[in-house]
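start20.pdb (PDB, C-alpha atoms)
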ATOM      1  CA  MET A   1       0.000   0.000   0.000
ATOM      2  CA  LEU A   2       1.245   3.466  -0.909
ATOM      3  CA  ASP A   3       0.654   6.306   1.544
ATOM      4  CA  VAL A   4       0.419   9.706  -0.119
ATOM      5  CA  VAL A   5       0.954  12.822   1.994
ATOM      6  CA  ASN A   6       1.290  16.514   1.227
ATOM      7  CA  LEU A   7       3.336  18.350   3.830
ATOM      8  CA  ALA A   8       2.694  21.689   2.105
ATOM      9  CA  ASP A   9      -1.102  21.429   2.461
ATOM     10  CA  SER A  10      -2.279  23.255   5.571
ATOM     11  CA  THR A  11      -5.577  21.352   5.601
ATOM     12  CA  HIS A  12      -3.823  18.076   6.463
ATOM     13  CA  ARG A  13      -2.735  17.296  10.003
ATOM     14  CA  VAL A  14       1.011  17.292  10.534
ATOM     15  CA  GLU A  15       2.224  17.136  14.121
ATOM     16  CA  LEU A  16       5.781  16.815  15.391
ATOM     17  CA  VAL A  17       5.926  15.299  18.865
ATOM     18  CA  GLY A  18       9.060  15.661  20.943
ATOM     19  CA  SER A  19      12.568  16.622  19.968
ATOM     20  CA  PRO A  20      14.413  14.870  17.120
ATOM     21  CA  ASP A  21      17.223  13.890  19.490
ATOM     22  CA  GLN A  22      14.840  11.904  21.718
ATOM     23  CA  PRO A  23      13.867   8.282  21.110
ATOM     24  CA  THR A  24      10.225   9.241  21.745
ATOM     25  CA  TRP A  25      10.153  11.634  18.747
ATOM     26  CA  ARG A  26       7.136  11.053  16.509
ATOM     27  CA  LEU A  27       5.614  12.519  13.371
ATOM     28  CA  LEU A  28       1.852  12.246  13.033
ATOM     29  CA  ILE A  29       0.768  12.973   9.501
ATOM     30  CA  GLU A  30      -2.575  12.775   7.735
ATOM     31  CA  ALA A  31      -2.525  11.024   4.384
ATOM     32  CA  VAL A  32      -4.642  12.390   1.541
ATOM     33  CA  ASP A  33      -7.225   9.653   2.206
ATOM     34  CA  GLY A  34      -7.677  10.855   5.807
ATOM     35  CA  ARG A  35      -5.743   8.149   7.645
ATOM     36  CA  VAL A  36      -3.236   9.352  10.236
ATOM     37  CA  LEU A  37       0.213   7.806   9.939
ATOM     38  CA  GLU A  38       2.737   7.712  12.766
ATOM     39  CA  LEU A  39       6.431   7.717  11.946
ATOM     40  CA  GLY A  40       9.190   7.314  14.488
ATOM     41  CA  PRO A  41      12.952   6.899  14.609
ATOM     42  CA  GLN A  42      12.606   3.323  13.348
ATOM     43  CA  GLN A  43      11.181   4.512  10.003
ATOM     44  CA  VAL A  44      12.967   7.825   9.339
ATOM     45  CA  ASP A  45      15.990   9.847  10.416
ATOM     46  CA  PRO A  46      14.384  12.231  12.971
ATOM     47  CA  PRO A  47      16.663  15.297  12.538
ATOM     48  CA  GLU A  48      16.412  15.118   8.752
ATOM     49  CA  MET A  49      12.647  14.547   8.719
ATOM     50  CA  HIS A  50      12.129  17.284  11.319
ATOM     51  CA  ARG A  51      13.881  19.808   9.023
ATOM     52  CA  ILE A  52      11.854  18.650   6.007
ATOM     53  CA  VAL A  53       8.562  18.958   7.882
ATOM     54  CA  LYS A  54       9.429  22.435   9.215
ATOM     55  CA  TYR A  55      10.332  23.590   5.682
ATOM     56  CA  TYR A  56       7.113  22.356   4.062
ATOM     57  CA  ARG A  57       4.871  23.503   6.899
ATOM     58  CA  ALA A  58       6.312  27.004   6.489
ATOM     59  CA  ILE A  59       5.277  26.832   2.817
ATOM     60  CA  ALA A  60       1.809  25.659   3.880
ATOM     61  CA  GLU A  61       1.488  28.572   6.300
ATOM     62  CA  ARG A  62       2.570  31.133   3.675
ATOM     63  CA  GLU A  63       0.083  29.722   1.168
ATOM     64  CA  LYS A  64      -2.689  29.721   3.773
ATOM     65  CA  ILE A  65      -2.050  33.394   4.572
ATOM     66  CA  ALA A  66      -1.960  34.266   0.862
ATOM     67  CA  ARG A  67      -5.291  32.446   0.315
ATOM     68  CA  GLU A  68      -6.882  34.251   3.257
ATOM     69  CA  ARG A  69      -5.708  37.633   1.931
ATOM     70  CA  ARG A  70      -6.966  36.814  -1.553
ATOM     71  CA  PHE A  71     -10.438  35.686  -0.479
ATOM     72  CA  ASN A  72     -11.050  37.956   2.515
ATOM     73  CA  ARG A  73     -10.986  41.264   0.684
TER      74      ARG A  73
END

Is it possible to give me this structure as structure tokens?
Amino acid sequence: MLDVVNLADSTHRVELVGSPDQPTWRLLIEAVDGRVLELGPQQVDPPEMHRIVKYYRAIAEREKIARERRFNR
């Protein structure tokens, strides 16, 4: 099964739990079909994934603000 996610879409849940240097670090992410996936240090490199998520969530936030400005005139 292929899980498709879009980190740059502000309508999908993306939650970083803990610090990437801790073994309890987790990434909760909503797939496009609505399921919530949980990734931990066993599946991904936490510091690398943490940076990737922060980058794409910043894009999502900028796009959300731009949308709000465009449609809330």

request  = Extract, using only C-alpha atoms, all DNA, RNA and protein residues at most 7 Å from Glu15 of chain A, discarding same-chain residues fewer than 5 positions from it, and format them as a list in words.
outcome  =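 Near Glu15 of chain A, the qualifying residues are Leu27, Leu28 and Ile29 of chain A.
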
key: Val14 of chain A environment, 12 Å, all atoms listed in the file, sequence neighbours closer than 4 positions dropped, as a ChimeraX atom specification   = /A:5-10,26-32,34-39,50,52-54,56-58,60

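Interatomic distance, atom CA of Arg13 of chain A against atom CA of Arg62 of chain A: 16.1 Å.
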
request  = Give the answer as one residue: which of A:Asp33, A:Asp3, A:Glu68, A:Asp45 has the shortest atom-to-atom distance to Asp21 of chain A, using all atoms listed in the file?
outcome  =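 Closest to Asp21 of chain A of all the choices is A:Asp45.
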
inquiry  = What's the separation between atom CA of Leu2 of chain A and atom CA of Pro46 of chain A, in Å to one decimal place?
reply    =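 Distance between the two atoms: 21.0 Å.
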
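When atom CA of Pro41 of chain A is paired with atom CA of Met1 of chain A, their separation reads 20.7 Å.
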